[in-house]
Protein chains: 2
Amino acid sequence: MINKEVTLGIDIGGTNTKLGLVNKLGYCLSDLSIHTGSEKPFEHFLDTVVATVNKLKEAVDHEVVIKGVGIGAPNGNYYTGLIEEAPNLKWGDKVPIVKEMEARLGLPTTLTNDANAAALGEMQFGVAKGMKNFVVITLGTGLGSGIVVNGELVYGHDGFAGELGHTTVFPDKGRDLATGQKGSLEAYVSATGIKRTVFELLSKRIYPSELRDITFNQLEAKHITEAALRGDKIALEAFDYTAKILGLKLADTIAHLSPEAIILFGGLANAGDLIMEPTKKYMNHYCLNIFRNKVKLMFSNLKGSNTAILGSSALAWTEIEKKN
Amino acid sequence: MINKEVTLGIDIGGTNTKLGLVNKLGYCLSDLSIHTGSEKPFEHFLDTVVATVNKLKEAVDHEVVIKGVGIGAPNGNYYTGLIEEAPNLKWGDKVPIVKEMEARLGLPTTLTNDANAAALGEMQFGVAKGMKNFVVITLGTGLGSGIVVNGELVYGHDGFAGELGHTTVFPDKGRDLATGQKGSLEAYVSATGIKRTVFELLSKRIYPSELRDITFNQLEAKHITEAALRGDKIALEAFDYTAKILGLKLADTIAHLSPEAIILFGGLANAGDLIMEPTKKYMNHYCLNIFRNKVKLMFSNLKGSNTAILGSSALAWTEIEKKN
């Protein structure tokens with residue numbers, strides 16, 4: 001019967017929520033996506049989740065045993081089971097998702113944020129298999145991170161460890177963030193950050209660029225990647241600048257944790273060598289000599305639309321193992 | 001008999017080495033200091049240690065059972081048992097101190113660096129008793145750090161985690177360090193760092209200061225503290241600048257680890273409120289809102305000459321507990 005055991009992974013995003021049944025080997029047996037719709041009442045979301053879980057079970061002819069539920073959500077707090085003040089979810093300041101989900105599904109449920117879930121996904125199913133000390137950096141709209149030390153995810157004293165996007169690069173004078181901070185890492189290194197860098201460079205430089213014909217609201221990270229691959233100087237400089245700041249701050253992270261590897265994940269990581277090669281160079285440049293060229297910088301090998309489900313599922317598997 | 005059980009704590013410094021017998025409550029029953037003398041052969045040091053341990057046992061009428069040995073040393077590597085490329089010790093690049101000490105003393109021996117030992121000392125005997133997530137910052141000639149996560153010291157993948165003094169404040173253009181790095185934290189925040197700041201301010205400002213009559217080589221951190229207490233404007237500004245950079249980088253550390261507390265330790269911590277109050281202010285200023293005013297900033301309460309011995313002894317006690 002052990003092959004029929006799965007966990008339910010739920011990844012809650014501002015727009016869509018993905019759900020899937022994943023076995024212990026990381027195989028996703030069935031998955032579905034629903035609209036998060038946080039402008040509607042939280043009850044409505046919970047009902048939709050329950051209906052979707054039933055559909056997932058039907059899709060596999062009910063031949064599975066769901067052992068637990070893992071939820072990845074913005075500002076999801078592992079300790080409290082609350083989604084706390086998530087800017088892109090409108091259900092209130094402290095959403096008791098673990099309690100409500102356990103009441104409806106009758107299954108042990110665990111919550112954390114999406115980057116922490118991604119780190120657990122890498123450790124269970126991805127490139128960090130067998131590693132005990134590593135850091136995952138998610139490069140999406142913002143910059144998230146999940147830290148593993150001695151084989152365990154670092155939640156810290158209050159559940160909010162791993163907010164590397166909110167470390168400071170340019171104190172007091174850098175780019176604004178909605179948090180009120182100035183000059184934070186994620187204002188430079190993220191899909192949004194590199195776009196801001198392109199617009200700064202368009203203002204500073206005088207040479208032509210295909211990016212001069214795209215508005216700020218239209219510009220996406222993939223346009224910058226495509227332009228860079230065609231040799232666009234603005235796009236190439238934007239990648240170099242992004243990598244320099246990422247490398248600088250990863251060197252700080254290495255000085256804290258001396259990890260075996262740092263794993264890049266998410267939209268901007270799709271730029272491949274454009275981001276990997278200069279980041280490696282700068283990271284080693286800013287490292288203390290005892291760390292130089294020792295820490296592996298790598299991409300996640302979890303691909304496809306259900307990667308976030310795998311992370312949330314891994315959270316549930318991790319909790320089950322802790323209890324055994 | 002359990003009250004007669006002690007561990008031997010050894011703190012190796014560039015100039016002096018301190019040894020002491022410490023019971024499980026953190027009471028140091030006897031202690032002695034010897035010259036490290038690393039210009040002489042390593043064998044000579046080992047022989048002196050053995051003779052000193054015998055003296056320590058005599059001092060307590062041999063009425064103790066030594067259960068283990070903990071060594072704190074610059075660049076001491078927990079995993080390898082080697083002192084690796086310590087700039088102020090001249091016994092070679094990789095000194096097999098654990099192996100040699102075990103051979104001579106016949107006791108299980110563990111090694112780490114002095115800041116890590118200090119963190120274990122705080123957790124066993126000091127203000128971090130009962131804490132599971134905290135960071136100790138040692139402010140001496142340099143800036144060292146020891147990180148505890150989930151109740152365990154963070155050694156990282158290779159034993160060198162916790163080198164916060166080598167994070168970067170001013171990339172590429174800041175003050176030099178002997179490591180070849182530029183603009184690293186310890187070039188600003190340490191007894192040496194604040195002295196360099198005083199000299200920078202003496203060059204920038206035009207108002208009088210009692211510090212204008214002291215040479216660079218004569219100036220010590222305590223002179224700066226005394227001058228600040230008398231209202232010297234250069235000294236006061238030097239403390240504010242030091243605290244600003246420390247607060248900025250501690251906010252980065254908080255974003256990584258979300259610790260319950262950060263504990264300041266060592267020479268510069270003796271400046272009391274002169275360093276504590278502005279550091280608190282800046283740390284909270286640069287923190288992400290979810291961390292603001294939540295992380296305790298405190299001084300170590302381990303005082304006196306045998307503090308370093310307590311840390312090394314705590315390392316030995318920690319290993320004994322792991323085995324039980």
# chains A, B, ... in the order shown; residues from 1 in each chain; ligands from 1

$ calpha_fit_and_write --fixed "chain A" --moving "chain B" --output "mmCIF file with C-alpha atoms, in the first residue's frame"
data_model
loop_
_atom_site.group_PDB
_atom_site.id
_atom_site.type_symbol
_atom_site.label_atom_id
_atom_site.label_comp_id
_atom_site.auth_asym_id
_atom_site.auth_seq_id
_atom_site.Cartn_x
_atom_site.Cartn_y
_atom_site.Cartn_z
ATOM 1 C CA MET B 1 0.048 -0.011 -0.010
ATOM 2 C CA ILE B 2 2.979 2.310 0.530
ATOM 3 C CA ASN B 3 3.064 3.231 -3.154
ATOM 4 C CA LYS B 4 -0.471 4.580 -2.875
ATOM 5 C CA GLU B 5 0.562 7.071 -0.223
ATOM 6 C CA VAL B 6 0.614 10.712 -1.283
ATOM 7 C CA THR B 7 0.588 14.146 0.252
ATOM 8 C CA LEU B 8 -1.503 17.049 -0.963
ATOM 9 C CA GLY B 9 0.600 20.040 -1.978
ATOM 10 C CA ILE B 10 -1.147 23.412 -2.178
ATOM 11 C CA ASP B 11 0.607 26.477 -3.532
ATOM 12 C CA ILE B 12 -1.343 29.678 -2.945
ATOM 13 C CA GLY B 13 -0.465 32.623 -5.146
ATOM 14 C CA GLY B 14 -2.061 36.045 -5.440
ATOM 15 C CA THR B 15 -3.860 34.995 -8.636
ATOM 16 C CA ASN B 16 -3.901 31.188 -8.833
ATOM 17 C CA THR B 17 -3.710 28.322 -6.398
ATOM 18 C CA LYS B 18 -2.248 25.012 -7.528
ATOM 19 C CA LEU B 19 -3.080 21.695 -5.915
ATOM 20 C CA GLY B 20 -1.588 18.263 -6.523
ATOM 21 C CA LEU B 21 -1.186 14.761 -5.125
ATOM 22 C CA VAL B 22 2.487 13.819 -4.901
ATOM 23 C CA ASN B 23 4.031 10.530 -3.846
ATOM 24 C CA LYS B 24 7.213 10.147 -1.857
ATOM 25 C CA LEU B 25 9.353 9.938 -4.991
ATOM 26 C CA GLY B 26 8.137 13.341 -6.135
ATOM 27 C CA TYR B 27 5.801 12.055 -8.821
ATOM 28 C CA CYS B 28 2.736 14.286 -9.156
ATOM 29 C CA LEU B 29 -0.189 11.903 -9.808
ATOM 30 C CA SER B 30 -2.759 14.603 -10.511
ATOM 31 C CA ASP B 31 -2.895 18.360 -10.252
ATOM 32 C CA LEU B 32 -5.338 21.207 -10.806
ATOM 33 C CA SER B 33 -5.257 24.987 -10.687
ATOM 34 C CA ILE B 34 -7.998 27.224 -9.291
ATOM 35 C CA HIS B 35 -8.446 30.989 -9.008
ATOM 36 C CA THR B 36 -7.385 32.123 -5.563
ATOM 37 C CA GLY B 37 -10.016 34.877 -5.674
ATOM 38 C CA SER B 38 -9.053 36.472 -2.371
ATOM 39 C CA GLU B 39 -11.509 39.329 -2.974
ATOM 40 C CA LYS B 40 -14.257 36.778 -2.190
ATOM 41 C CA PRO B 41 -14.723 35.432 1.370
ATOM 42 C CA PHE B 42 -12.128 32.976 2.705
ATOM 43 C CA GLU B 43 -14.943 30.400 3.171
ATOM 44 C CA HIS B 44 -15.444 30.370 -0.584
ATOM 45 C CA PHE B 45 -11.777 29.540 -1.150
ATOM 46 C CA LEU B 46 -11.889 26.734 1.416
ATOM 47 C CA ASP B 47 -14.985 25.211 -0.225
ATOM 48 C CA THR B 48 -13.308 25.352 -3.642
ATOM 49 C CA VAL B 49 -10.221 23.628 -2.246
ATOM 50 C CA VAL B 50 -12.316 20.795 -0.785
ATOM 51 C CA ALA B 51 -14.154 20.314 -4.093
ATOM 52 C CA THR B 52 -10.831 20.342 -5.957
ATOM 53 C CA VAL B 53 -9.296 17.751 -3.657
ATOM 54 C CA ASN B 54 -12.240 15.473 -4.443
ATOM 55 C CA LYS B 55 -11.600 15.994 -8.157
ATOM 56 C CA LEU B 56 -7.922 15.158 -7.673
ATOM 57 C CA LYS B 57 -8.868 11.923 -5.924
ATOM 58 C CA GLU B 58 -11.355 11.057 -8.680
ATOM 59 C CA ALA B 59 -8.651 11.619 -11.284
ATOM 60 C CA VAL B 60 -6.629 8.806 -9.705
ATOM 61 C CA ASP B 61 -9.732 6.617 -9.103
ATOM 62 C CA HIS B 62 -9.487 7.192 -5.330
ATOM 63 C CA GLU B 63 -6.597 4.749 -5.271
ATOM 64 C CA VAL B 64 -4.481 6.898 -2.971
ATOM 65 C CA VAL B 65 -4.182 7.577 0.736
ATOM 66 C CA ILE B 66 -3.499 11.241 1.509
ATOM 67 C CA LYS B 67 -1.126 11.277 4.481
ATOM 68 C CA GLY B 68 -0.941 15.023 5.019
ATOM 69 C CA VAL B 69 -1.243 18.491 3.534
ATOM 70 C CA GLY B 70 1.500 21.048 2.888
ATOM 71 C CA ILE B 71 0.674 24.645 2.028
ATOM 72 C CA GLY B 72 3.025 27.219 0.545
ATOM 73 C CA ALA B 73 1.642 30.746 0.747
ATOM 74 C CA PRO B 74 3.011 34.299 0.820
ATOM 75 C CA ASN B 75 3.866 35.174 4.476
ATOM 76 C CA GLY B 76 2.761 31.709 5.565
ATOM 77 C CA ASN B 77 4.024 31.186 9.126
ATOM 78 C CA TYR B 78 5.092 27.644 10.015
ATOM 79 C CA TYR B 79 4.751 28.191 13.764
ATOM 80 C CA THR B 80 1.371 29.927 13.917
ATOM 81 C CA GLY B 81 -0.335 28.302 10.919
ATOM 82 C CA LEU B 82 -1.458 31.779 9.894
ATOM 83 C CA ILE B 83 -0.994 33.687 6.657
ATOM 84 C CA GLU B 84 0.167 36.957 8.198
ATOM 85 C CA GLU B 85 -0.319 40.289 6.425
ATOM 86 C CA ALA B 86 0.259 38.962 2.916
ATOM 87 C CA PRO B 87 0.116 42.047 0.673
ATOM 88 C CA ASN B 88 -1.502 40.237 -2.289
ATOM 89 C CA LEU B 89 -4.161 38.244 -0.384
ATOM 90 C CA LYS B 90 -7.253 40.068 0.856
ATOM 91 C CA TRP B 91 -8.661 37.663 3.463
ATOM 92 C CA GLY B 92 -7.450 39.719 6.407
ATOM 93 C CA ASP B 93 -4.279 40.271 8.408
ATOM 94 C CA LYS B 94 -4.071 36.853 10.042
ATOM 95 C CA VAL B 95 -5.718 34.047 8.089
ATOM 96 C CA PRO B 96 -6.023 30.775 10.091
ATOM 97 C CA ILE B 97 -5.551 28.551 7.068
ATOM 98 C CA VAL B 98 -4.074 25.522 8.863
ATOM 99 C CA LYS B 99 -6.892 25.319 11.410
ATOM 100 C CA GLU B 100 -9.608 25.716 8.746
ATOM 101 C CA MET B 101 -7.999 23.272 6.334
ATOM 102 C CA GLU B 102 -7.566 20.631 9.037
ATOM 103 C CA ALA B 103 -11.213 21.055 10.031
ATOM 104 C CA ARG B 104 -12.414 20.544 6.459
ATOM 105 C CA LEU B 105 -9.981 17.899 5.205
ATOM 106 C CA GLY B 106 -9.381 16.035 8.475
ATOM 107 C CA LEU B 107 -5.685 15.795 7.636
ATOM 108 C CA PRO B 108 -2.556 17.094 9.416
ATOM 109 C CA THR B 109 -1.661 20.342 7.669
ATOM 110 C CA THR B 110 1.520 22.420 7.679
ATOM 111 C CA LEU B 111 2.144 25.897 6.308
ATOM 112 C CA THR B 112 5.180 27.881 5.241
ATOM 113 C CA ASN B 113 6.022 30.470 2.629
ATOM 114 C CA ASP B 114 6.633 29.563 -1.002
ATOM 115 C CA ALA B 115 10.423 29.975 -0.925
ATOM 116 C CA ASN B 116 10.758 27.731 2.135
ATOM 117 C CA ALA B 117 8.549 25.162 0.406
ATOM 118 C CA ALA B 118 10.804 25.411 -2.665
ATOM 119 C CA ALA B 119 13.853 24.636 -0.482
ATOM 120 C CA LEU B 120 12.165 21.538 0.938
ATOM 121 C CA GLY B 121 11.190 20.531 -2.615
ATOM 122 C CA GLU B 122 14.835 20.747 -3.702
ATOM 123 C CA MET B 123 15.956 18.692 -0.710
ATOM 124 C CA GLN B 124 13.336 15.949 -1.208
ATOM 125 C CA PHE B 125 13.112 15.791 -4.991
ATOM 126 C CA GLY B 126 15.633 18.147 -6.605
ATOM 127 C CA VAL B 127 19.304 19.088 -6.879
ATOM 128 C CA ALA B 128 19.724 19.435 -3.091
ATOM 129 C CA LYS B 129 18.975 15.753 -2.454
ATOM 130 C CA GLY B 130 21.474 14.598 0.176
ATOM 131 C CA MET B 131 22.627 18.130 1.043
ATOM 132 C CA LYS B 132 22.421 19.336 4.647
ATOM 133 C CA ASN B 133 23.401 22.992 4.182
ATOM 134 C CA PHE B 134 22.105 25.005 1.236
ATOM 135 C CA VAL B 135 20.104 28.073 0.265
ATOM 136 C CA VAL B 136 17.381 28.394 -2.389
ATOM 137 C CA ILE B 137 16.847 31.811 -3.981
ATOM 138 C CA THR B 138 13.555 32.311 -5.846
ATOM 139 C CA LEU B 139 13.753 35.000 -8.494
ATOM 140 C CA GLY B 140 10.204 35.943 -9.410
ATOM 141 C CA THR B 141 8.307 39.218 -9.002
ATOM 142 C CA GLY B 142 10.312 39.534 -5.787
ATOM 143 C CA LEU B 143 13.265 37.654 -4.317
ATOM 144 C CA GLY B 144 12.471 34.918 -1.826
ATOM 145 C CA SER B 145 14.758 32.496 -0.044
ATOM 146 C CA GLY B 146 14.713 29.279 1.906
ATOM 147 C CA ILE B 147 17.649 28.273 4.108
ATOM 148 C CA VAL B 148 18.537 24.730 5.174
ATOM 149 C CA VAL B 149 21.056 24.187 8.003
ATOM 150 C CA ASN B 150 22.035 20.793 9.427
ATOM 151 C CA GLY B 151 19.349 19.204 7.222
ATOM 152 C CA GLU B 152 16.537 21.331 8.640
ATOM 153 C CA LEU B 153 14.710 24.336 7.232
ATOM 154 C CA VAL B 154 15.529 27.505 9.176
ATOM 155 C CA TYR B 155 12.318 29.121 10.412
ATOM 156 C CA GLY B 156 14.040 31.252 13.058
ATOM 157 C CA HIS B 157 12.506 32.420 16.293
ATOM 158 C CA ASP B 158 9.198 33.589 14.822
ATOM 159 C CA GLY B 159 8.849 31.672 11.551
ATOM 160 C CA PHE B 160 10.077 34.430 9.240
ATOM 161 C CA ALA B 161 13.716 33.528 8.614
ATOM 162 C CA GLY B 162 14.954 33.641 5.026
ATOM 163 C CA GLU B 163 13.892 37.105 3.876
ATOM 164 C CA LEU B 164 17.053 37.779 1.871
ATOM 165 C CA GLY B 165 15.147 39.971 -0.579
ATOM 166 C CA HIS B 166 14.931 42.483 2.265
ATOM 167 C CA THR B 167 18.629 42.767 3.010
ATOM 168 C CA THR B 168 20.081 46.158 2.134
ATOM 169 C CA VAL B 169 22.324 46.974 -0.825
ATOM 170 C CA PHE B 170 22.156 50.794 -0.899
ATOM 171 C CA PRO B 171 21.250 52.076 2.568
ATOM 172 C CA ASP B 172 18.803 55.022 2.694
ATOM 173 C CA LYS B 173 19.314 56.090 -0.905
ATOM 174 C CA GLY B 174 18.438 53.149 -3.133
ATOM 175 C CA ARG B 175 15.237 52.124 -4.913
ATOM 176 C CA ASP B 176 11.922 52.158 -3.028
ATOM 177 C CA LEU B 177 10.020 49.037 -2.072
ATOM 178 C CA ALA B 178 6.373 48.816 -1.014
ATOM 179 C CA THR B 179 7.665 47.759 2.431
ATOM 180 C CA GLY B 180 9.001 51.285 2.967
ATOM 181 C CA GLN B 181 12.595 50.034 2.740
ATOM 182 C CA LYS B 182 15.087 51.693 0.439
ATOM 183 C CA GLY B 183 17.795 49.955 -1.575
ATOM 184 C CA SER B 184 16.757 46.388 -0.696
ATOM 185 C CA LEU B 185 18.085 43.434 -2.667
ATOM 186 C CA GLU B 186 14.779 42.528 -4.324
ATOM 187 C CA ALA B 187 14.471 46.023 -5.811
ATOM 188 C CA TYR B 188 17.505 45.051 -7.928
ATOM 189 C CA VAL B 189 17.502 41.275 -8.206
ATOM 190 C CA SER B 190 14.122 39.914 -9.336
ATOM 191 C CA ALA B 191 12.049 40.075 -12.515
ATOM 192 C CA THR B 192 10.884 43.520 -11.385
ATOM 193 C CA GLY B 193 14.390 44.531 -10.304
ATOM 194 C CA ILE B 194 16.059 43.850 -13.654
ATOM 195 C CA LYS B 195 13.274 45.775 -15.373
ATOM 196 C CA ARG B 196 13.968 48.767 -13.113
ATOM 197 C CA THR B 197 17.670 48.394 -13.956
ATOM 198 C CA VAL B 198 16.875 48.460 -17.688
ATOM 199 C CA PHE B 199 15.000 51.723 -17.223
ATOM 200 C CA GLU B 200 17.837 53.203 -15.181
ATOM 201 C CA LEU B 201 20.294 52.222 -17.938
ATOM 202 C CA LEU B 202 18.019 53.606 -20.680
ATOM 203 C CA SER B 203 18.245 56.924 -18.839
ATOM 204 C CA LYS B 204 22.031 56.775 -18.320
ATOM 205 C CA ARG B 205 23.339 55.370 -21.603
ATOM 206 C CA ILE B 206 23.029 56.887 -25.034
ATOM 207 C CA TYR B 207 23.413 53.892 -27.359
ATOM 208 C CA PRO B 208 20.402 52.412 -29.130
ATOM 209 C CA SER B 209 18.485 49.457 -27.710
ATOM 210 C CA GLU B 210 15.390 47.551 -28.785
ATOM 211 C CA LEU B 211 14.189 48.063 -25.196
ATOM 212 C CA ARG B 212 13.712 51.789 -25.921
ATOM 213 C CA ASP B 213 10.451 50.878 -27.698
ATOM 214 C CA ILE B 214 8.779 49.083 -24.797
ATOM 215 C CA THR B 215 6.893 50.785 -21.959
ATOM 216 C CA PHE B 216 7.672 50.062 -18.320
ATOM 217 C CA ASN B 217 4.363 48.263 -17.881
ATOM 218 C CA GLN B 218 4.881 46.145 -21.007
ATOM 219 C CA LEU B 219 8.454 45.104 -20.307
ATOM 220 C CA GLU B 220 8.918 41.570 -18.979
ATOM 221 C CA ALA B 221 12.063 39.734 -17.902
ATOM 222 C CA LYS B 222 11.820 37.474 -20.945
ATOM 223 C CA HIS B 223 12.074 40.514 -23.284
ATOM 224 C CA ILE B 224 15.328 41.452 -21.552
ATOM 225 C CA THR B 225 16.632 37.890 -21.938
ATOM 226 C CA GLU B 226 15.709 37.814 -25.632
ATOM 227 C CA ALA B 227 17.314 41.199 -26.250
ATOM 228 C CA ALA B 228 20.490 40.119 -24.432
ATOM 229 C CA LEU B 229 20.689 36.965 -26.545
ATOM 230 C CA ARG B 230 20.554 39.225 -29.627
ATOM 231 C CA GLY B 231 23.465 41.270 -28.204
ATOM 232 C CA ASP B 232 21.490 44.295 -27.014
ATOM 233 C CA LYS B 233 23.985 46.317 -24.946
ATOM 234 C CA ILE B 234 21.428 47.675 -22.463
ATOM 235 C CA ALA B 235 20.049 44.192 -21.805
ATOM 236 C CA LEU B 236 23.547 42.733 -21.397
ATOM 237 C CA GLU B 237 24.557 45.468 -18.987
ATOM 238 C CA ALA B 238 21.319 44.931 -17.042
ATOM 239 C CA PHE B 239 22.193 41.256 -16.555
ATOM 240 C CA ASP B 240 25.725 42.127 -15.501
ATOM 241 C CA TYR B 241 24.482 44.682 -12.960
ATOM 242 C CA THR B 242 21.853 42.284 -11.600
ATOM 243 C CA ALA B 243 24.460 39.547 -11.263
ATOM 244 C CA LYS B 244 26.907 41.887 -9.546
ATOM 245 C CA ILE B 245 24.417 42.797 -6.825
ATOM 246 C CA LEU B 246 23.243 39.196 -6.479
ATOM 247 C CA GLY B 247 26.854 37.961 -6.260
ATOM 248 C CA LEU B 248 27.704 40.618 -3.662
ATOM 249 C CA LYS B 249 24.820 39.640 -1.409
ATOM 250 C CA LEU B 250 25.289 35.893 -1.916
ATOM 251 C CA ALA B 251 28.860 36.375 -0.657
ATOM 252 C CA ASP B 252 27.311 37.841 2.533
ATOM 253 C CA THR B 253 24.997 34.826 2.777
ATOM 254 C CA ILE B 254 27.995 32.499 2.400
ATOM 255 C CA ALA B 255 29.779 34.352 5.227
ATOM 256 C CA HIS B 256 26.767 33.653 7.441
ATOM 257 C CA LEU B 257 26.103 30.025 6.555
ATOM 258 C CA SER B 258 28.955 28.461 4.572
ATOM 259 C CA PRO B 259 26.462 26.431 2.507
ATOM 260 C CA GLU B 260 27.344 23.576 0.183
ATOM 261 C CA ALA B 261 25.274 25.139 -2.606
ATOM 262 C CA ILE B 262 23.111 28.064 -3.562
ATOM 263 C CA ILE B 263 20.256 27.138 -5.888
ATOM 264 C CA LEU B 264 18.570 29.656 -8.174
ATOM 265 C CA PHE B 265 14.928 29.102 -9.004
ATOM 266 C CA GLY B 266 12.098 30.978 -10.735
ATOM 267 C CA GLY B 267 11.496 33.225 -13.743
ATOM 268 C CA LEU B 268 14.797 35.082 -13.864
ATOM 269 C CA ALA B 269 16.710 31.786 -13.529
ATOM 270 C CA ASN B 270 15.376 30.949 -17.011
ATOM 271 C CA ALA B 271 17.930 33.394 -18.392
ATOM 272 C CA GLY B 272 20.516 30.610 -17.965
ATOM 273 C CA ASP B 273 24.156 31.551 -18.479
ATOM 274 C CA LEU B 274 23.215 35.217 -18.841
ATOM 275 C CA ILE B 275 22.602 35.297 -15.092
ATOM 276 C CA MET B 276 24.625 32.277 -13.898
ATOM 277 C CA GLU B 277 28.076 33.097 -15.249
ATOM 278 C CA PRO B 278 28.383 36.711 -14.045
ATOM 279 C CA THR B 279 26.759 35.867 -10.685
ATOM 280 C CA LYS B 280 29.385 33.148 -10.105
ATOM 281 C CA LYS B 281 32.152 35.570 -10.994
ATOM 282 C CA TYR B 282 30.959 38.333 -8.649
ATOM 283 C CA MET B 283 30.026 35.956 -5.832
ATOM 284 C CA ASN B 284 33.542 34.560 -5.752
ATOM 285 C CA HIS B 285 35.048 38.038 -6.103
ATOM 286 C CA TYR B 286 33.290 39.283 -2.944
ATOM 287 C CA CYS B 287 33.797 36.088 -0.909
ATOM 288 C CA LEU B 288 36.331 35.702 1.854
ATOM 289 C CA ASN B 289 39.233 33.608 0.503
ATOM 290 C CA ILE B 290 38.318 30.516 2.578
ATOM 291 C CA PHE B 291 34.974 30.302 0.724
ATOM 292 C CA ARG B 292 36.126 31.284 -2.768
ATOM 293 C CA ASN B 293 35.245 28.796 -5.548
ATOM 294 C CA LYS B 294 33.950 26.333 -2.951
ATOM 295 C CA VAL B 295 30.213 27.022 -2.899
ATOM 296 C CA LYS B 296 28.265 25.525 -5.819
ATOM 297 C CA LEU B 297 25.935 27.936 -7.601
ATOM 298 C CA MET B 298 23.323 25.963 -9.513
ATOM 299 C CA PHE B 299 19.876 26.069 -11.047
ATOM 300 C CA SER B 300 16.940 24.088 -9.718
ATOM 301 C CA ASN B 301 16.226 20.985 -11.808
ATOM 302 C CA LEU B 302 12.534 20.962 -10.877
ATOM 303 C CA LYS B 303 10.804 22.123 -14.026
ATOM 304 C CA GLY B 304 7.271 22.543 -15.207
ATOM 305 C CA SER B 305 4.071 23.968 -13.848
ATOM 306 C CA ASN B 306 3.823 21.774 -10.763
ATOM 307 C CA THR B 307 7.159 22.727 -9.172
ATOM 308 C CA ALA B 308 5.433 24.778 -6.484
ATOM 309 C CA ILE B 309 3.148 21.829 -5.727
ATOM 310 C CA LEU B 310 6.212 19.624 -5.239
ATOM 311 C CA GLY B 311 7.610 22.073 -2.681
ATOM 312 C CA SER B 312 4.373 22.190 -0.681
ATOM 313 C CA SER B 313 4.080 18.420 -0.870
ATOM 314 C CA ALA B 314 7.685 18.087 0.375
ATOM 315 C CA LEU B 315 6.713 20.185 3.403
ATOM 316 C CA ALA B 316 4.015 17.634 4.248
ATOM 317 C CA TRP B 317 6.398 14.703 3.709
ATOM 318 C CA THR B 318 8.995 16.399 5.953
ATOM 319 C CA GLU B 319 6.469 16.698 8.779
ATOM 320 C CA ILE B 320 5.448 13.043 8.396
ATOM 321 C CA GLU B 321 9.106 11.997 8.674
ATOM 322 C CA LYS B 322 9.607 14.136 11.783
ATOM 323 C CA LYS B 323 6.755 12.283 13.499
ATOM 324 C CA ASN B 324 8.055 8.815 12.589
#

$ select_by_dssp --residues "stretch 111-309 of chain A" --states "strand (DSSP E or B)" --output "VMD selection string"
chain A and resid 111 to 112 134 to 139 143 to 149 152 to 153 168 176 182 184 261 to 265 296 to 299

$ select_by_dssp --residues "stretch 180-313 of chain A" --states "helix (DSSP H, G or I)" --output "JSON, numbers by chain"
{"A": [185, 186, 187, 191, 192, 193, 194, 195, 196, 197, 198, 199, 200, 201, 202, 203, 204, 210, 211, 212, 213, 221, 222, 223, 224, 225, 226, 227, 228, 229, 233, 234, 235, 236, 237, 238, 239, 240, 241, 242, 243, 244, 245, 246, 247, 248, 249, 250, 251, 252, 253, 254, 255, 256, 257, 267, 268, 269, 270, 271, 273, 274, 275, 276, 277, 278, 279, 280, 281, 282, 283, 284, 285, 286, 289, 290, 291, 307, 308, 309, 310, 311, 312, 313]}

$ decode --residues "stretch 99-108 of chain B" --atoms "N, CA and C atoms" --output "CSV table (one decimal), in the first residue's frame"
chain,number,residue,atom,x,y,z
B,99,LYS,N,43.9,15.9,17.1
B,99,LYS,CA,44.6,14.6,17.1
B,99,LYS,C,45.8,14.6,18.2
B,100,GLU,N,46.6,15.6,18.2
B,100,GLU,CA,47.7,15.7,19.1
B,100,GLU,C,47.3,15.8,20.5
B,101,MET,N,46.3,16.6,20.8
B,101,MET,CA,45.8,16.8,22.1
B,101,MET,C,45.2,15.5,22.7
B,102,GLU,N,44.4,14.8,21.8
B,102,GLU,CA,43.8,13.5,22.2
B,102,GLU,C,44.9,12.5,22.6
B,103,ALA,N,46.0,12.5,21.8
B,103,ALA,CA,47.1,11.6,22.0
B,103,ALA,C,47.7,11.8,23.3
B,104,ARG,N,47.9,13.1,23.7
B,104,ARG,CA,48.6,13.4,24.9
B,104,ARG,C,47.7,13.4,26.1
B,105,LEU,N,46.5,13.8,26.0
B,105,LEU,CA,45.6,13.9,27.2
B,105,LEU,C,44.7,12.7,27.4
B,106,GLY,N,44.6,11.9,26.3
B,106,GLY,CA,43.7,10.7,26.3
B,106,GLY,C,42.2,11.1,26.6
B,107,LEU,N,41.8,12.2,26.1
B,107,LEU,CA,40.4,12.7,26.4
B,107,LEU,C,39.8,13.1,25.0
B,108,PRO,N,38.5,12.9,24.9
B,108,PRO,CA,37.8,13.3,23.6
B,108,PRO,C,37.9,14.9,23.5
